[in-house]
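J.: Below is a structure I'd like to ask you about.
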Amino acid sequence: MAIADVPEYAHLTAADVDALGAELDAIRADIEADRGARDARYLHNTIRFQRGLEFTGRMLTMGASRRPVWWAGAVTLGVAKIVENMELGHNVMHGQWDWMNDPEVHSTSWEWDITGPSAHWKHTHNYIHHKYTNVLGMDDDVGYGLLRVTRDQRWRPFNLGNLAYNTLLALFFEYGVAAQHLELGKKRKTPEAQAELKRDMNDVGRKIGRQVGKDFVLAPAISGVLNRSPRAARKTATANLFANMMRNVWTNAVIFCGHFPDGAEKFTKADMTNESQAQWYLRQMLGSANFRSGPVLGFMSGNLSYQIEHHLFPDLPSNRLAEISVRVQALCDKYDLPYTTGSFLVQYGKSWRTIAKLSLPNKYLSATSDDAPETASERRFREDDGPRLTPVIDASTGRRRGLKTAISDSRSRRRERASA
């Protein structure tokens, strides 16, 4: 079901994996050596743009009693919150700008505009998710403890609500992020663990209080006083609510496009044993997915349209991921590895399709558990319990015949069997 032997699945020798790792290390070294003034300028321009947008949005929401102004204010503020969340908060807290030694944009000092405390997120995301990407039982982002997104997760009647749960998760995603670190379903048997949970819950409560106070108490109160109207206060509050939900839905969509469409593979704990840096690179390449974007969509997604590159180099500046992607795609061609990408709507649609399918028990699903669109394993290429897969060099071209070719050949065989 999930991949238990990544090198075998990718059809690479140990030497191939090491060589791939060395080439990816070289990409990192090149970008680190080239960071400088243009990167800093990009960051500071983004901060000025986001703050100007937020100021404009908040001023417009003060006049939200008029419907056109309500929409203008809500949407402008929503875009400002998206930019702060995706291109600033997420990337700053990854340490992408720590090399500047600027305390304003350092990963240790940034607190972002959502209900989840930054310190909690840096543990669950920077450490847990990026180290154990899509490893079942290790990565809490696999379904966020709520959704069934792979057949490896045992079906329960609770999963019938998959679509409803994801709708709620999208609308209130910031609260899902806030709750993720708490691991509320986990049993805490020791006094130390119980005390830690209490501290974490107090941190979350304080952060939620600040966010709710800013958007739904202070801002509406100012609007009500300025306009001398309780109705104006209510309209400002609803505009702020729309802006937050707009940010939540967009963030959820971008993240799901990078982790749950077809081709973003899942892995078992066994594969983590003695994993080298090069093997980690390979797992990131197989466990992530991109979506095609131009400059605007890339910027609005925090450049997570290049999720594969971000997972390879989470602490390199986001504005460099587009150029890194050219080199990563070349490596995928060289080692015959798939480079999973597609349009934004297609990738997001595949995520929803997987969530819908896996709301049902496996017996109602077509395709095998080793060769389904949403989950695959190295066993998908074995026929009649055949031998383990081995790397092949094409004698006519001298090229490696790896995973990308194997997938294409497997699809051809299925089409031939279907037409026979």
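Identifiers in this document derive from the order of the structure tokens: chains are assigned A, B, ..., residues are numbered from 1 separately in each chain, and ligands are numbered from 1 in order of occurrence.
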With only C-alpha atoms as the counted atoms, please give the residues lying no more than 8 Å from Tyr281 (chain A), apart from itself and same-chain residues fewer than 6 positions off, as a PyMOL selection string.
T.: chain A and resi 21+24+312
J.: Near region 85-95 of chain A, counting only C-alpha atoms, which residues have an atom at most 6 Å away, once you skip same-chain residues fewer than 4 positions from it, shown as a list in words?
T.: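 Close residues of region 85-95 of chain A: Lys81, Ser107, Trp112, Gly302 and Asp315 of chain A.
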J.: Next, the residues of the selection above should be written as a PDB file, in the first residue's frame with all heavy atoms.
T.:
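In the end it all went to result33.pdb:
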```
ATOM      1  N   LYS A  81      -4.140  39.090   4.229  1.00  0.00           N
ATOM      2  CA  LYS A  81      -3.934  37.987   5.168  1.00  0.00           C
ATOM      3  C   LYS A  81      -3.313  36.783   4.469  1.00  0.00           C
ATOM      4  O   LYS A  81      -2.490  36.070   5.064  1.00  0.00           O
ATOM      5  CB  LYS A  81      -5.273  37.604   5.820  1.00  0.00           C
ATOM      6  CG  LYS A  81      -5.753  38.586   6.898  1.00  0.00           C
ATOM      7  CD  LYS A  81      -7.121  38.196   7.427  1.00  0.00           C
ATOM      8  CE  LYS A  81      -7.535  39.095   8.597  1.00  0.00           C
ATOM      9  NZ  LYS A  81      -6.840  38.768   9.850  1.00  0.00           N
ATOM     10  N   SER A 107      13.308  33.794  11.961  1.00  0.00           N
ATOM     11  CA  SER A 107      12.369  32.717  12.289  1.00  0.00           C
ATOM     12  C   SER A 107      12.052  32.646  13.775  1.00  0.00           C
ATOM     13  O   SER A 107      11.001  32.123  14.163  1.00  0.00           O
ATOM     14  CB  SER A 107      12.931  31.374  11.825  1.00  0.00           C
ATOM     15  OG  SER A 107      14.163  31.084  12.472  1.00  0.00           O
ATOM     16  N   TRP A 112       2.745  35.145  13.386  1.00  0.00           N
ATOM     17  CA  TRP A 112       1.877  35.398  12.242  1.00  0.00           C
ATOM     18  C   TRP A 112       0.427  35.620  12.629  1.00  0.00           C
ATOM     19  O   TRP A 112       0.021  35.425  13.770  1.00  0.00           O
ATOM     20  CB  TRP A 112       2.011  34.292  11.219  1.00  0.00           C
ATOM     21  CG  TRP A 112       1.730  32.880  11.713  1.00  0.00           C
ATOM     22  CD1 TRP A 112       1.478  32.469  12.989  1.00  0.00           C
ATOM     23  CD2 TRP A 112       1.701  31.716  10.879  1.00  0.00           C
ATOM     24  NE1 TRP A 112       1.305  31.106  13.017  1.00  0.00           N
ATOM     25  CE2 TRP A 112       1.426  30.618  11.739  1.00  0.00           C
ATOM     26  CE3 TRP A 112       1.875  31.489   9.524  1.00  0.00           C
ATOM     27  CZ2 TRP A 112       1.323  29.314  11.248  1.00  0.00           C
ATOM     28  CZ3 TRP A 112       1.777  30.193   9.045  1.00  0.00           C
ATOM     29  CH2 TRP A 112       1.504  29.123   9.901  1.00  0.00           C
ATOM     30  N   GLY A 302       2.561  31.673  -1.806  1.00  0.00           N
ATOM     31  CA  GLY A 302       3.809  31.643  -1.042  1.00  0.00           C
ATOM     32  C   GLY A 302       4.874  30.845  -1.760  1.00  0.00           C
ATOM     33  O   GLY A 302       5.805  30.333  -1.143  1.00  0.00           O
ATOM     34  N   ASP A 315      14.438  25.791   3.718  1.00  0.00           N
ATOM     35  CA  ASP A 315      14.973  27.024   4.278  1.00  0.00           C
ATOM     36  C   ASP A 315      15.664  27.901   3.236  1.00  0.00           C
ATOM     37  O   ASP A 315      16.339  28.867   3.596  1.00  0.00           O
ATOM     38  CB  ASP A 315      15.954  26.708   5.417  1.00  0.00           C
ATOM     39  CG  ASP A 315      17.103  25.802   4.973  1.00  0.00           C
ATOM     40  OD1 ASP A 315      17.023  25.247   3.867  1.00  0.00           O
ATOM     41  OD2 ASP A 315      18.072  25.648   5.748  1.00  0.00           O
TER      42      ASP A 315
END
```
J.: Please identify all polymer residues within 8 Å of region 367-383 of chain A, counting only C-alpha atoms, omitting same-chain residues fewer than 3 positions from it, and present them as a PDB file with all heavy atoms, in the first residue's frame.
T.:
```pdb
ATOM      1  N   MET A   1       0.849  -1.185   0.000  1.00  0.00           N
ATOM      2  CA  MET A   1       0.000   0.000   0.000  1.00  0.00           C
ATOM      3  C   MET A   1       0.885   1.234   0.000  1.00  0.00           C
ATOM      4  O   MET A   1       1.267   1.709  -1.059  1.00  0.00           O
ATOM      5  CB  MET A   1      -0.979  -0.043   1.163  1.00  0.00           C
ATOM      6  CG  MET A   1      -1.992  -1.209   1.006  1.00  0.00           C
ATOM      7  SD  MET A   1      -2.992  -1.520   2.442  1.00  0.00           S
ATOM      8  CE  MET A   1      -4.061  -0.104   2.429  1.00  0.00           C
ATOM      9  N   ALA A   2       1.289   1.733   1.136  1.00  0.00           N
ATOM     10  CA  ALA A   2       2.279   2.815   1.127  1.00  0.00           C
ATOM     11  C   ALA A   2       3.640   2.240   0.736  1.00  0.00           C
ATOM     12  O   ALA A   2       3.870   1.035   0.826  1.00  0.00           O
ATOM     13  CB  ALA A   2       2.359   3.482   2.494  1.00  0.00           C
ATOM     14  N   ILE A   3       4.537   3.100   0.323  1.00  0.00           N
ATOM     15  CA  ILE A   3       5.850   2.653  -0.145  1.00  0.00           C
ATOM     16  C   ILE A   3       6.725   2.288   1.051  1.00  0.00           C
ATOM     17  O   ILE A   3       6.928   3.097   1.957  1.00  0.00           O
ATOM     18  CB  ILE A   3       6.522   3.754  -0.980  1.00  0.00           C
ATOM     19  CG1 ILE A   3       5.682   4.020  -2.233  1.00  0.00           C
ATOM     20  CG2 ILE A   3       7.934   3.360  -1.374  1.00  0.00           C
ATOM     21  CD1 ILE A   3       6.085   5.266  -2.968  1.00  0.00           C
ATOM     22  N   ALA A   4       7.258   1.067   1.042  1.00  0.00           N
ATOM     23  CA  ALA A   4       8.111   0.597   2.126  1.00  0.00           C
ATOM     24  C   ALA A   4       9.579   0.591   1.740  1.00  0.00           C
ATOM     25  O   ALA A   4      10.443   0.513   2.605  1.00  0.00           O
ATOM     26  CB  ALA A   4       7.687  -0.803   2.576  1.00  0.00           C
ATOM     27  N   ASP A   5       9.856   0.647   0.441  1.00  0.00           N
ATOM     28  CA  ASP A   5      11.244   0.600  -0.030  1.00  0.00           C
ATOM     29  C   ASP A   5      11.400   1.635  -1.137  1.00  0.00           C
ATOM     30  O   ASP A   5      11.168   1.359  -2.307  1.00  0.00           O
ATOM     31  CB  ASP A   5      11.582  -0.802  -0.551  1.00  0.00           C
ATOM     32  CG  ASP A   5      13.077  -0.984  -0.799  1.00  0.00           C
ATOM     33  OD1 ASP A   5      13.737   0.021  -1.131  1.00  0.00           O
ATOM     34  OD2 ASP A   5      13.573  -2.111  -0.663  1.00  0.00           O
ATOM     35  N   VAL A   6      11.771   2.849  -0.776  1.00  0.00           N
ATOM     36  CA  VAL A   6      11.782   3.950  -1.732  1.00  0.00           C
ATOM     37  C   VAL A   6      12.784   3.741  -2.869  1.00  0.00           C
ATOM     38  O   VAL A   6      12.444   3.936  -4.033  1.00  0.00           O
ATOM     39  CB  VAL A   6      12.025   5.298  -1.017  1.00  0.00           C
ATOM     40  CG1 VAL A   6      12.279   6.408  -2.020  1.00  0.00           C
ATOM     41  CG2 VAL A   6      10.820   5.647  -0.161  1.00  0.00           C
ATOM     42  N   GLU A   8      13.890   0.986  -4.183  1.00  0.00           N
ATOM     43  CA  GLU A   8      13.330  -0.026  -5.070  1.00  0.00           C
ATOM     44  C   GLU A   8      12.182   0.551  -5.882  1.00  0.00           C
ATOM     45  O   GLU A   8      12.071   0.329  -7.093  1.00  0.00           O
ATOM     46  CB  GLU A   8      12.841  -1.231  -4.264  1.00  0.00           C
ATOM     47  CG  GLU A   8      12.148  -2.279  -5.143  1.00  0.00           C
ATOM     48  CD  GLU A   8      11.617  -3.460  -4.341  1.00  0.00           C
ATOM     49  OE1 GLU A   8      12.343  -3.954  -3.471  1.00  0.00           O
ATOM     50  OE2 GLU A   8      10.486  -3.864  -4.612  1.00  0.00           O
ATOM     51  N   TYR A   9      11.323   1.324  -5.226  1.00  0.00           N
ATOM     52  CA  TYR A   9      10.180   1.925  -5.919  1.00  0.00           C
ATOM     53  C   TYR A   9      10.647   2.853  -7.029  1.00  0.00           C
ATOM     54  O   TYR A   9      10.066   2.901  -8.115  1.00  0.00           O
ATOM     55  CB  TYR A   9       9.319   2.692  -4.919  1.00  0.00           C
ATOM     56  CG  TYR A   9       8.091   3.320  -5.519  1.00  0.00           C
ATOM     57  CD1 TYR A   9       7.005   2.531  -5.892  1.00  0.00           C
ATOM     58  CD2 TYR A   9       7.996   4.694  -5.717  1.00  0.00           C
ATOM     59  CE1 TYR A   9       5.864   3.094  -6.446  1.00  0.00           C
ATOM     60  CE2 TYR A   9       6.866   5.265  -6.263  1.00  0.00           C
ATOM     61  CZ  TYR A   9       5.797   4.462  -6.622  1.00  0.00           C
ATOM     62  OH  TYR A   9       4.672   5.017  -7.179  1.00  0.00           O
ATOM     63  N   VAL A 149      -7.004   9.826   3.926  1.00  0.00           N
ATOM     64  CA  VAL A 149      -6.458  10.234   2.633  1.00  0.00           C
ATOM     65  C   VAL A 149      -5.630   9.135   1.981  1.00  0.00           C
ATOM     66  O   VAL A 149      -5.051   9.348   0.915  1.00  0.00           O
ATOM     67  CB  VAL A 149      -5.609  11.515   2.770  1.00  0.00           C
ATOM     68  CG1 VAL A 149      -6.473  12.695   3.180  1.00  0.00           C
ATOM     69  CG2 VAL A 149      -4.464  11.302   3.759  1.00  0.00           C
ATOM     70  N   THR A 150      -5.555   7.953   2.592  1.00  0.00           N
ATOM     71  CA  THR A 150      -4.857   6.815   2.006  1.00  0.00           C
ATOM     72  C   THR A 150      -5.511   5.534   2.509  1.00  0.00           C
ATOM     73  O   THR A 150      -6.050   5.486   3.624  1.00  0.00           O
ATOM     74  CB  THR A 150      -3.357   6.818   2.369  1.00  0.00           C
ATOM     75  OG1 THR A 150      -2.768   5.587   1.950  1.00  0.00           O
ATOM     76  CG2 THR A 150      -3.143   6.978   3.862  1.00  0.00           C
ATOM     77  N   ARG A 151      -5.462   4.496   1.695  1.00  0.00           N
ATOM     78  CA  ARG A 151      -6.060   3.224   2.098  1.00  0.00           C
ATOM     79  C   ARG A 151      -5.321   2.593   3.269  1.00  0.00           C
ATOM     80  O   ARG A 151      -5.845   1.679   3.906  1.00  0.00           O
ATOM     81  CB  ARG A 151      -6.070   2.257   0.910  1.00  0.00           C
ATOM     82  CG  ARG A 151      -6.857   2.770  -0.278  1.00  0.00           C
ATOM     83  CD  ARG A 151      -6.988   1.702  -1.336  1.00  0.00           C
ATOM     84  NE  ARG A 151      -7.479   2.273  -2.587  1.00  0.00           N
ATOM     85  CZ  ARG A 151      -8.086   1.570  -3.532  1.00  0.00           C
ATOM     86  NH1 ARG A 151      -8.270   0.272  -3.362  1.00  0.00           N
ATOM     87  NH2 ARG A 151      -8.483   2.139  -4.637  1.00  0.00           N
ATOM     88  N   PHE A 260      -1.749  15.882  -1.508  1.00  0.00           N
ATOM     89  CA  PHE A 260      -2.755  14.838  -1.640  1.00  0.00           C
ATOM     90  C   PHE A 260      -3.233  14.525  -3.050  1.00  0.00           C
ATOM     91  O   PHE A 260      -4.083  13.649  -3.214  1.00  0.00           O
ATOM     92  CB  PHE A 260      -3.965  15.162  -0.754  1.00  0.00           C
ATOM     93  CG  PHE A 260      -3.609  15.293   0.701  1.00  0.00           C
ATOM     94  CD1 PHE A 260      -4.003  16.393   1.436  1.00  0.00           C
ATOM     95  CD2 PHE A 260      -2.849  14.324   1.331  1.00  0.00           C
ATOM     96  CE1 PHE A 260      -3.653  16.525   2.768  1.00  0.00           C
ATOM     97  CE2 PHE A 260      -2.491  14.446   2.665  1.00  0.00           C
ATOM     98  CZ  PHE A 260      -2.898  15.546   3.393  1.00  0.00           C
ATOM     99  N   PRO A 261      -2.748  15.194  -4.103  1.00  0.00           N
ATOM    100  CA  PRO A 261      -3.163  14.748  -5.448  1.00  0.00           C
ATOM    101  C   PRO A 261      -2.451  13.462  -5.853  1.00  0.00           C
ATOM    102  O   PRO A 261      -1.511  13.023  -5.183  1.00  0.00           O
ATOM    103  CB  PRO A 261      -2.770  15.923  -6.347  1.00  0.00           C
ATOM    104  CG  PRO A 261      -1.632  16.563  -5.648  1.00  0.00           C
ATOM    105  CD  PRO A 261      -1.903  16.392  -4.177  1.00  0.00           C
ATOM    106  N   ASP A 262      -2.886  12.875  -6.954  1.00  0.00           N
ATOM    107  CA  ASP A 262      -2.252  11.656  -7.459  1.00  0.00           C
ATOM    108  C   ASP A 262      -0.760  11.900  -7.667  1.00  0.00           C
ATOM    109  O   ASP A 262      -0.352  12.934  -8.190  1.00  0.00           O
ATOM    110  CB  ASP A 262      -2.867  11.251  -8.797  1.00  0.00           C
ATOM    111  CG  ASP A 262      -4.355  10.986  -8.699  1.00  0.00           C
ATOM    112  OD1 ASP A 262      -4.885  11.024  -7.577  1.00  0.00           O
ATOM    113  OD2 ASP A 262      -4.983  10.757  -9.751  1.00  0.00           O
ATOM    114  N   GLY A 263       0.052  10.920  -7.266  1.00  0.00           N
ATOM    115  CA  GLY A 263       1.495  11.021  -7.454  1.00  0.00           C
ATOM    116  C   GLY A 263       2.239  11.477  -6.224  1.00  0.00           C
ATOM    117  O   GLY A 263       3.456  11.299  -6.143  1.00  0.00           O
ATOM    118  N   ALA A 264       1.546  12.070  -5.260  1.00  0.00           N
ATOM    119  CA  ALA A 264       2.187  12.431  -3.990  1.00  0.00           C
ATOM    120  C   ALA A 264       2.092  11.207  -3.089  1.00  0.00           C
ATOM    121  O   ALA A 264       1.048  10.934  -2.502  1.00  0.00           O
ATOM    122  CB  ALA A 264       1.492  13.634  -3.346  1.00  0.00           C
ATOM    123  N   GLU A 265       3.181  10.453  -2.997  1.00  0.00           N
ATOM    124  CA  GLU A 265       3.135   9.132  -2.389  1.00  0.00           C
ATOM    125  C   GLU A 265       3.195   9.171  -0.863  1.00  0.00           C
ATOM    126  O   GLU A 265       3.626  10.146  -0.259  1.00  0.00           O
ATOM    127  CB  GLU A 265       4.281   8.268  -2.927  1.00  0.00           C
ATOM    128  CG  GLU A 265       4.352   8.191  -4.447  1.00  0.00           C
ATOM    129  CD  GLU A 265       3.129   7.523  -5.090  1.00  0.00           C
ATOM    130  OE1 GLU A 265       2.211   7.112  -4.364  1.00  0.00           O
ATOM    131  OE2 GLU A 265       3.120   7.423  -6.326  1.00  0.00           O
ATOM    132  N   LYS A 266       2.768   8.063  -0.255  1.00  0.00           N
ATOM    133  CA  LYS A 266       2.832   7.881   1.195  1.00  0.00           C
ATOM    134  C   LYS A 266       3.886   6.821   1.503  1.00  0.00           C
ATOM    135  O   LYS A 266       4.207   5.979   0.654  1.00  0.00           O
ATOM    136  CB  LYS A 266       1.476   7.428   1.747  1.00  0.00           C
ATOM    137  CG  LYS A 266       0.263   8.187   1.207  1.00  0.00           C
ATOM    138  CD  LYS A 266       0.293   9.648   1.496  1.00  0.00           C
ATOM    139  CE  LYS A 266      -0.998  10.333   1.034  1.00  0.00           C
ATOM    140  NZ  LYS A 266      -1.238  10.240  -0.425  1.00  0.00           N
ATOM    141  N   THR A 354      -9.909  12.196  -3.948  1.00  0.00           N
ATOM    142  CA  THR A 354      -9.348  11.209  -3.026  1.00  0.00           C
ATOM    143  C   THR A 354     -10.102  11.221  -1.696  1.00  0.00           C
ATOM    144  O   THR A 354     -10.434  10.167  -1.146  1.00  0.00           O
ATOM    145  CB  THR A 354      -7.859  11.499  -2.793  1.00  0.00           C
ATOM    146  OG1 THR A 354      -7.143  11.237  -4.001  1.00  0.00           O
ATOM    147  CG2 THR A 354      -7.295  10.626  -1.677  1.00  0.00           C
ATOM    148  N   GLY A 386       6.614 -11.650  -8.373  1.00  0.00           N
ATOM    149  CA  GLY A 386       7.911 -11.753  -9.024  1.00  0.00           C
ATOM    150  C   GLY A 386       9.027 -11.208  -8.166  1.00  0.00           C
ATOM    151  O   GLY A 386       8.818 -10.774  -7.029  1.00  0.00           O
ATOM    152  N   PRO A 387      10.242 -11.212  -8.687  1.00  0.00           N
ATOM    153  CA  PRO A 387      11.399 -10.771  -7.899  1.00  0.00           C
ATOM    154  C   PRO A 387      11.373  -9.271  -7.636  1.00  0.00           C
ATOM    155  O   PRO A 387      10.623  -8.523  -8.262  1.00  0.00           O
ATOM    156  CB  PRO A 387      12.585 -11.137  -8.804  1.00  0.00           C
ATOM    157  CG  PRO A 387      12.007 -11.100 -10.192  1.00  0.00           C
ATOM    158  CD  PRO A 387      10.600 -11.599 -10.046  1.00  0.00           C
ATOM    159  N   ARG A 388      12.213  -8.860  -6.703  1.00  0.00           N
ATOM    160  CA  ARG A 388      12.328  -7.442  -6.399  1.00  0.00           C
ATOM    161  C   ARG A 388      12.806  -6.706  -7.647  1.00  0.00           C
ATOM    162  O   ARG A 388      13.533  -7.225  -8.471  1.00  0.00           O
ATOM    163  CB  ARG A 388      13.331  -7.227  -5.255  1.00  0.00           C
ATOM    164  CG  ARG A 388      12.876  -7.850  -3.943  1.00  0.00           C
ATOM    165  CD  ARG A 388      14.002  -7.843  -2.921  1.00  0.00           C
ATOM    166  NE  ARG A 388      14.377  -6.482  -2.556  1.00  0.00           N
ATOM    167  CZ  ARG A 388      13.799  -5.793  -1.581  1.00  0.00           C
ATOM    168  NH1 ARG A 388      12.795  -6.325  -0.912  1.00  0.00           N
ATOM    169  NH2 ARG A 388      14.196  -4.582  -1.279  1.00  0.00           N
ATOM    170  N   LEU A 389      12.368  -5.466  -7.756  1.00  0.00           N
ATOM    171  CA  LEU A 389      12.735  -4.678  -8.925  1.00  0.00           C
ATOM    172  C   LEU A 389      14.191  -4.245  -8.857  1.00  0.00           C
ATOM    173  O   LEU A 389      14.715  -3.963  -7.787  1.00  0.00           O
ATOM    174  CB  LEU A 389      11.826  -3.446  -9.004  1.00  0.00           C
ATOM    175  CG  LEU A 389      10.344  -3.768  -9.198  1.00  0.00           C
ATOM    176  CD1 LEU A 389       9.515  -2.517  -9.007  1.00  0.00           C
ATOM    177  CD2 LEU A 389      10.092  -4.360 -10.568  1.00  0.00           C
ATOM    178  N   ALA A 406       8.652   3.065 -15.731  1.00  0.00           N
ATOM    179  CA  ALA A 406       7.898   1.932 -15.191  1.00  0.00           C
ATOM    180  C   ALA A 406       6.415   2.259 -15.086  1.00  0.00           C
ATOM    181  O   ALA A 406       5.558   1.426 -15.378  1.00  0.00           O
ATOM    182  CB  ALA A 406       8.453   1.536 -13.827  1.00  0.00           C
ATOM    183  N   SER A 410       3.510   0.385 -17.162  1.00  0.00           N
ATOM    184  CA  SER A 410       2.415  -0.261 -16.431  1.00  0.00           C
ATOM    185  C   SER A 410       1.068   0.196 -16.977  1.00  0.00           C
ATOM    186  O   SER A 410       0.150  -0.607 -17.147  1.00  0.00           O
ATOM    187  CB  SER A 410       2.532   0.077 -14.942  1.00  0.00           C
ATOM    188  OG  SER A 410       1.455  -0.458 -14.209  1.00  0.00           O
TER     189      SER A 410
END
```
J.: So which bits of region 137-181 of chain A end up helix (DSSP H, G or I) when you DSSP the backbone, as a list in words?
T.: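 Residues of region 137-181 of chain A classed as helix (DSSP H, G or I): Gly143, Tyr144, Gly145, Pro157, Phe158, Asn159, Leu160, Gly161, Asn162, Leu163, Ala164, Tyr165, Asn166, Thr167, Leu168, Leu169, Ala170, Leu171, Phe173, Glu174, Tyr175, Gly176, Val177, Ala178, Ala179 and Gln180 of chain A.
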J.: If we count only C-alpha atoms and set the cut-off at 12 Å, which residues sit around Ala22 (chain A), ignoring sequence neighbours fewer than 3 positions away in its own chain? Please answer as a PDB file with N, CA and C atoms, in the first residue's frame.
T.:
```pdb
ATOM      1  N   ALA A  15      24.164   3.794  -5.502  1.00  0.00           N
ATOM      2  CA  ALA A  15      25.063   4.794  -6.090  1.00  0.00           C
ATOM      3  C   ALA A  15      24.270   5.889  -6.794  1.00  0.00           C
ATOM      4  N   ASP A  16      23.162   5.508  -7.457  1.00  0.00           N
ATOM      5  CA  ASP A  16      22.306   6.504  -8.110  1.00  0.00           C
ATOM      6  C   ASP A  16      21.736   7.482  -7.096  1.00  0.00           C
ATOM      7  N   VAL A  17      21.234   6.946  -5.976  1.00  0.00           N
ATOM      8  CA  VAL A  17      20.638   7.798  -4.948  1.00  0.00           C
ATOM      9  C   VAL A  17      21.680   8.756  -4.379  1.00  0.00           C
ATOM     10  N   ASP A  18      22.880   8.246  -4.122  1.00  0.00           N
ATOM     11  CA  ASP A  18      23.944   9.102  -3.602  1.00  0.00           C
ATOM     12  C   ASP A  18      24.314  10.192  -4.609  1.00  0.00           C
ATOM     13  N   ALA A  19      24.352   9.825  -5.896  1.00  0.00           N
ATOM     14  CA  ALA A  19      24.688  10.805  -6.934  1.00  0.00           C
ATOM     15  C   ALA A  19      23.596  11.868  -7.042  1.00  0.00           C
ATOM     16  N   ASP A  25      22.599  18.644  -3.379  1.00  0.00           N
ATOM     17  CA  ASP A  25      23.456  19.429  -2.482  1.00  0.00           C
ATOM     18  C   ASP A  25      24.122  20.572  -3.243  1.00  0.00           C
ATOM     19  N   ALA A  26      24.517  20.312  -4.484  1.00  0.00           N
ATOM     20  CA  ALA A  26      25.164  21.345  -5.295  1.00  0.00           C
ATOM     21  C   ALA A  26      24.194  22.487  -5.598  1.00  0.00           C
ATOM     22  N   ILE A  27      22.923  22.161  -5.847  1.00  0.00           N
ATOM     23  CA  ILE A  27      21.919  23.207  -6.066  1.00  0.00           C
ATOM     24  C   ILE A  27      21.801  24.079  -4.822  1.00  0.00           C
ATOM     25  N   ARG A  28      21.718  23.435  -3.657  1.00  0.00           N
ATOM     26  CA  ARG A  28      21.646  24.202  -2.402  1.00  0.00           C
ATOM     27  C   ARG A  28      22.845  25.127  -2.259  1.00  0.00           C
ATOM     28  N   ALA A  29      24.026  24.596  -2.473  1.00  0.00           N
ATOM     29  CA  ALA A  29      25.238  25.399  -2.305  1.00  0.00           C
ATOM     30  C   ALA A  29      25.250  26.594  -3.255  1.00  0.00           C
ATOM     31  N   SER A 276      19.493   8.154   4.784  1.00  0.00           N
ATOM     32  CA  SER A 276      20.549   9.134   4.534  1.00  0.00           C
ATOM     33  C   SER A 276      19.943  10.438   4.020  1.00  0.00           C
ATOM     34  N   GLN A 277      20.760  11.486   3.935  1.00  0.00           N
ATOM     35  CA  GLN A 277      20.289  12.740   3.387  1.00  0.00           C
ATOM     36  C   GLN A 277      19.806  12.567   1.945  1.00  0.00           C
ATOM     37  N   ALA A 278      20.545  11.792   1.152  1.00  0.00           N
ATOM     38  CA  ALA A 278      20.147  11.570  -0.237  1.00  0.00           C
ATOM     39  C   ALA A 278      18.824  10.818  -0.320  1.00  0.00           C
ATOM     40  N   GLN A 279      18.625   9.836   0.560  1.00  0.00           N
ATOM     41  CA  GLN A 279      17.364   9.096   0.573  1.00  0.00           C
ATOM     42  C   GLN A 279      16.214   9.995   1.021  1.00  0.00           C
ATOM     43  N   TYR A 281      16.064  13.217   0.437  1.00  0.00           N
ATOM     44  CA  TYR A 281      15.771  14.003  -0.764  1.00  0.00           C
ATOM     45  C   TYR A 281      14.816  13.241  -1.676  1.00  0.00           C
ATOM     46  N   LEU A 282      15.129  11.981  -1.933  1.00  0.00           N
ATOM     47  CA  LEU A 282      14.325  11.182  -2.854  1.00  0.00           C
ATOM     48  C   LEU A 282      12.900  11.038  -2.334  1.00  0.00           C
ATOM     49  N   LEU A 331      16.993  16.987 -13.241  1.00  0.00           N
ATOM     50  CA  LEU A 331      17.428  15.804 -12.503  1.00  0.00           C
ATOM     51  C   LEU A 331      16.388  14.685 -12.594  1.00  0.00           C
TER      52      LEU A 331
END
```
J.: Using only C-alpha atoms, which protein or nucleic acid residues come within 12 Å of Trp250 (chain A)? Drop anything in the same chain fewer than 2 positions from it, and give the result as an MDAnalysis selection string.
T.: chainID A and resid 78:79 81:83 85:86 169:174 243:248 252:257 297 300:302 304 344 348
J.: Report as a VMD selection string all protein, DNA and RNA residues lying within 9 Å of Trp97 (chain A), evaluated on only C-alpha atoms, omitting residues in the same chain fewer than 6 positions from it.
T.: chain A and resid 39 to 40 43 91 105 to 107 315 to 317
J.: Go ahead and save the picked residues with N, CA and C atoms, as a compact mmCIF listing (two decimals), in the first residue's frame.
T.:
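The resulting file, result-v6.txt, is shown below:
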```
# COMPACT_ATOMS: atom_id res chain seq x y z
N ASP A 39 17.49 39.44 -3.15
CA ASP A 39 16.58 38.64 -2.31
C ASP A 39 16.04 39.49 -1.16
N ALA A 40 16.92 40.24 -0.52
CA ALA A 40 16.49 41.12 0.57
C ALA A 40 15.50 42.16 0.06
N LEU A 43 12.07 40.60 -0.33
CA LEU A 43 11.40 40.43 0.96
C LEU A 43 10.84 41.75 1.47
N ASN A 91 7.14 31.31 5.25
CA ASN A 91 8.51 31.27 4.76
C ASN A 91 9.51 31.87 5.74
N VAL A 105 12.71 39.88 10.61
CA VAL A 105 12.29 38.80 9.71
C VAL A 105 13.05 37.52 10.03
N HIS A 106 13.30 37.30 11.30
CA HIS A 106 14.01 36.09 11.74
C HIS A 106 12.99 35.06 12.19
N SER A 107 13.31 33.79 11.96
CA SER A 107 12.37 32.72 12.29
C SER A 107 12.05 32.65 13.78
N ASP A 315 14.44 25.79 3.72
CA ASP A 315 14.97 27.02 4.28
C ASP A 315 15.66 27.90 3.24
N LEU A 316 15.47 27.61 1.94
CA LEU A 316 15.97 28.51 0.91
C LEU A 316 14.88 29.51 0.54
N PRO A 317 15.24 30.74 0.18
CA PRO A 317 14.24 31.80 -0.07
C PRO A 317 13.21 31.38 -1.11
```
J.: Go ahead and compute the interatomic distance for CA of Asp139 (chain A) and CA of Gln307 (chain A), in Å to one decimal.
T.: 16.3 Å
